[in-house]
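What follows is one structure encoded as structure tokens, with my remarks underneath.
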Amino acid sequence: YYVKVAGRTAAGSAADFASMPDASKVSIWARSGVGFCFRNRIISGKDGLIAPKATATRAETAKMVVFLYDMLNA
């Protein structure tokens with residue numbers, strides 16, 4: 001949503017994170033968003049996995065917010 005508000009295209013796909021061993025565990029409805037975030041390095045995985053069912057720590061969440069903010073304001 002915020003990417004679109006900033007006038008950017010939030011396009012992504014499962015191909016963007018297909019190299020991750022647990023790529024198939026990402027829900028179908030989330031693949032575009034996860035692909036976008038993975039491609040733009042907003043998320044990078046955890047211990048070599050995407051870990052879509054895991055919870056994010058406070059630090060991981062802060063990193064995602066800062067990276068998204070920087071991307072949108074570059």
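If you're wondering about the labels, chains in the structure tokens are A, B, ... by order shown, residues count from 1 in each chain, ligands from 1 in order shown.
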
Using DSSP secondary structure from the backbone, list all helix (DSSP H, G or I) positions within chain A, as a ChimeraX atom specification.
/A:2-5,14-17,23-25,28-39,58-72

For the selection just defined, write its residues with N, CA, C and O atoms to a file, as a compact mmCIF listing (two decimals), in the first residue's frame.
# COMPACT_ATOMS: atom_id res chain seq x y z
N TYR A 2 1.83 1.34 0.89
CA TYR A 2 2.66 2.54 1.00
C TYR A 2 3.52 2.74 -0.24
O TYR A 2 3.82 3.86 -0.62
N VAL A 3 3.91 1.65 -0.87
CA VAL A 3 4.69 1.76 -2.09
C VAL A 3 3.84 2.39 -3.19
O VAL A 3 4.30 3.28 -3.91
N LYS A 4 2.59 1.98 -3.29
CA LYS A 4 1.70 2.55 -4.29
C LYS A 4 1.39 4.00 -4.00
O LYS A 4 1.32 4.81 -4.92
N VAL A 5 1.22 4.36 -2.73
CA VAL A 5 0.97 5.76 -2.35
C VAL A 5 2.16 6.63 -2.76
O VAL A 5 1.99 7.77 -3.18
N ALA A 14 7.00 -14.94 -7.18
CA ALA A 14 7.69 -16.05 -6.53
C ALA A 14 9.07 -16.27 -7.13
O ALA A 14 9.96 -16.80 -6.47
N ALA A 15 9.27 -15.87 -8.37
CA ALA A 15 10.57 -16.02 -9.02
C ALA A 15 11.66 -15.22 -8.30
O ALA A 15 12.83 -15.59 -8.33
N ASP A 16 11.26 -14.15 -7.61
CA ASP A 16 12.22 -13.30 -6.90
C ASP A 16 12.86 -14.00 -5.71
O ASP A 16 13.94 -13.61 -5.27
N PHE A 17 12.20 -15.00 -5.15
CA PHE A 17 12.75 -15.71 -4.00
C PHE A 17 12.78 -17.22 -4.21
O PHE A 17 12.93 -18.00 -3.27
N ALA A 23 10.80 -21.61 -0.27
CA ALA A 23 9.98 -20.72 -1.09
C ALA A 23 8.55 -21.23 -1.24
O ALA A 23 7.61 -20.44 -1.27
N SER A 24 8.37 -22.52 -1.31
CA SER A 24 7.03 -23.08 -1.50
C SER A 24 6.13 -22.89 -0.29
O SER A 24 4.91 -23.06 -0.39
N LYS A 25 6.69 -22.52 0.84
CA LYS A 25 5.89 -22.32 2.06
C LYS A 25 5.24 -20.94 2.12
O LYS A 25 4.42 -20.68 2.99
N ILE A 28 0.20 -18.35 -1.38
CA ILE A 28 -0.01 -17.85 -2.74
C ILE A 28 -0.35 -16.36 -2.74
O ILE A 28 0.18 -15.59 -3.53
N TRP A 29 -1.22 -15.94 -1.82
CA TRP A 29 -1.65 -14.54 -1.79
C TRP A 29 -0.51 -13.60 -1.42
O TRP A 29 -0.56 -12.41 -1.71
N ALA A 30 0.56 -14.10 -0.78
CA ALA A 30 1.66 -13.25 -0.31
C ALA A 30 2.85 -13.22 -1.26
O ALA A 30 3.77 -12.44 -1.07
N ARG A 31 2.84 -14.05 -2.28
CA ARG A 31 4.03 -14.19 -3.14
C ARG A 31 4.45 -12.91 -3.84
O ARG A 31 5.63 -12.62 -3.95
N SER A 32 3.51 -12.14 -4.32
CA SER A 32 3.86 -10.89 -4.99
C SER A 32 4.55 -9.92 -4.01
O SER A 32 5.59 -9.35 -4.33
N GLY A 33 3.97 -9.76 -2.84
CA GLY A 33 4.55 -8.85 -1.84
C GLY A 33 5.88 -9.33 -1.31
O GLY A 33 6.82 -8.54 -1.16
N VAL A 34 6.00 -10.62 -1.04
CA VAL A 34 7.27 -11.17 -0.56
C VAL A 34 8.32 -11.04 -1.67
O VAL A 34 9.46 -10.67 -1.39
N GLY A 35 7.92 -11.30 -2.90
CA GLY A 35 8.85 -11.15 -4.02
C GLY A 35 9.36 -9.72 -4.15
O GLY A 35 10.54 -9.48 -4.33
N PHE A 36 8.44 -8.76 -4.03
CA PHE A 36 8.83 -7.35 -4.09
C PHE A 36 9.82 -7.01 -2.98
O PHE A 36 10.85 -6.39 -3.22
N CYS A 37 9.50 -7.43 -1.76
CA CYS A 37 10.38 -7.13 -0.62
C CYS A 37 11.73 -7.83 -0.74
O CYS A 37 12.76 -7.25 -0.41
N PHE A 38 11.72 -9.06 -1.22
CA PHE A 38 12.97 -9.80 -1.39
C PHE A 38 13.82 -9.16 -2.48
O PHE A 38 15.03 -8.96 -2.30
N ARG A 39 13.21 -8.81 -3.60
CA ARG A 39 13.94 -8.19 -4.72
C ARG A 39 14.56 -6.86 -4.30
O ARG A 39 15.66 -6.50 -4.73
N ARG A 58 11.88 -7.45 16.92
CA ARG A 58 11.77 -5.99 16.87
C ARG A 58 12.84 -5.40 15.94
O ARG A 58 12.58 -4.50 15.15
N ALA A 59 14.05 -5.91 16.04
CA ALA A 59 15.14 -5.42 15.21
C ALA A 59 14.90 -5.71 13.73
O ALA A 59 15.17 -4.87 12.87
N GLU A 60 14.39 -6.91 13.42
CA GLU A 60 14.10 -7.26 12.03
C GLU A 60 13.00 -6.36 11.46
O GLU A 60 13.08 -5.93 10.32
N THR A 61 12.01 -6.09 12.26
CA THR A 61 10.93 -5.21 11.83
C THR A 61 11.44 -3.80 11.59
O THR A 61 11.10 -3.16 10.59
N ALA A 62 12.28 -3.32 12.48
CA ALA A 62 12.87 -1.98 12.32
C ALA A 62 13.69 -1.91 11.03
O ALA A 62 13.62 -0.91 10.30
N LYS A 63 14.45 -2.95 10.74
CA LYS A 63 15.23 -2.99 9.50
C LYS A 63 14.33 -2.90 8.28
O LYS A 63 14.61 -2.14 7.34
N MET A 64 13.23 -3.63 8.29
CA MET A 64 12.31 -3.60 7.15
C MET A 64 11.73 -2.20 6.96
O MET A 64 11.65 -1.70 5.84
N VAL A 65 11.35 -1.56 8.04
CA VAL A 65 10.76 -0.22 7.96
C VAL A 65 11.79 0.78 7.43
O VAL A 65 11.49 1.58 6.54
N VAL A 66 13.01 0.73 7.94
CA VAL A 66 14.06 1.65 7.50
C VAL A 66 14.42 1.43 6.04
O VAL A 66 14.54 2.38 5.26
N PHE A 67 14.56 0.17 5.62
CA PHE A 67 14.89 -0.12 4.22
C PHE A 67 13.76 0.33 3.29
O PHE A 67 14.03 0.88 2.23
N LEU A 68 12.52 0.11 3.67
CA LEU A 68 11.39 0.56 2.85
C LEU A 68 11.37 2.09 2.78
O LEU A 68 11.21 2.66 1.70
N TYR A 69 11.57 2.75 3.90
CA TYR A 69 11.60 4.21 3.94
C TYR A 69 12.70 4.74 3.02
O TYR A 69 12.47 5.66 2.21
N ASP A 70 13.90 4.17 3.15
CA ASP A 70 15.02 4.61 2.31
C ASP A 70 14.74 4.39 0.83
O ASP A 70 15.04 5.24 0.00
N MET A 71 14.12 3.25 0.49
CA MET A 71 13.81 2.95 -0.90
C MET A 71 12.83 3.97 -1.46
O MET A 71 12.97 4.45 -2.58
N LEU A 72 11.82 4.31 -0.68
CA LEU A 72 10.79 5.23 -1.15
C LEU A 72 11.25 6.67 -1.21
O LEU A 72 10.66 7.49 -1.91

Could you check how far CA of Leu49 (chain A) sits from CA of Arg8 (chain A), in Å to one decimal?
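Atom-to-atom, CA of Leu49 (chain A) to CA of Arg8 (chain A), that is 27.2 Å.
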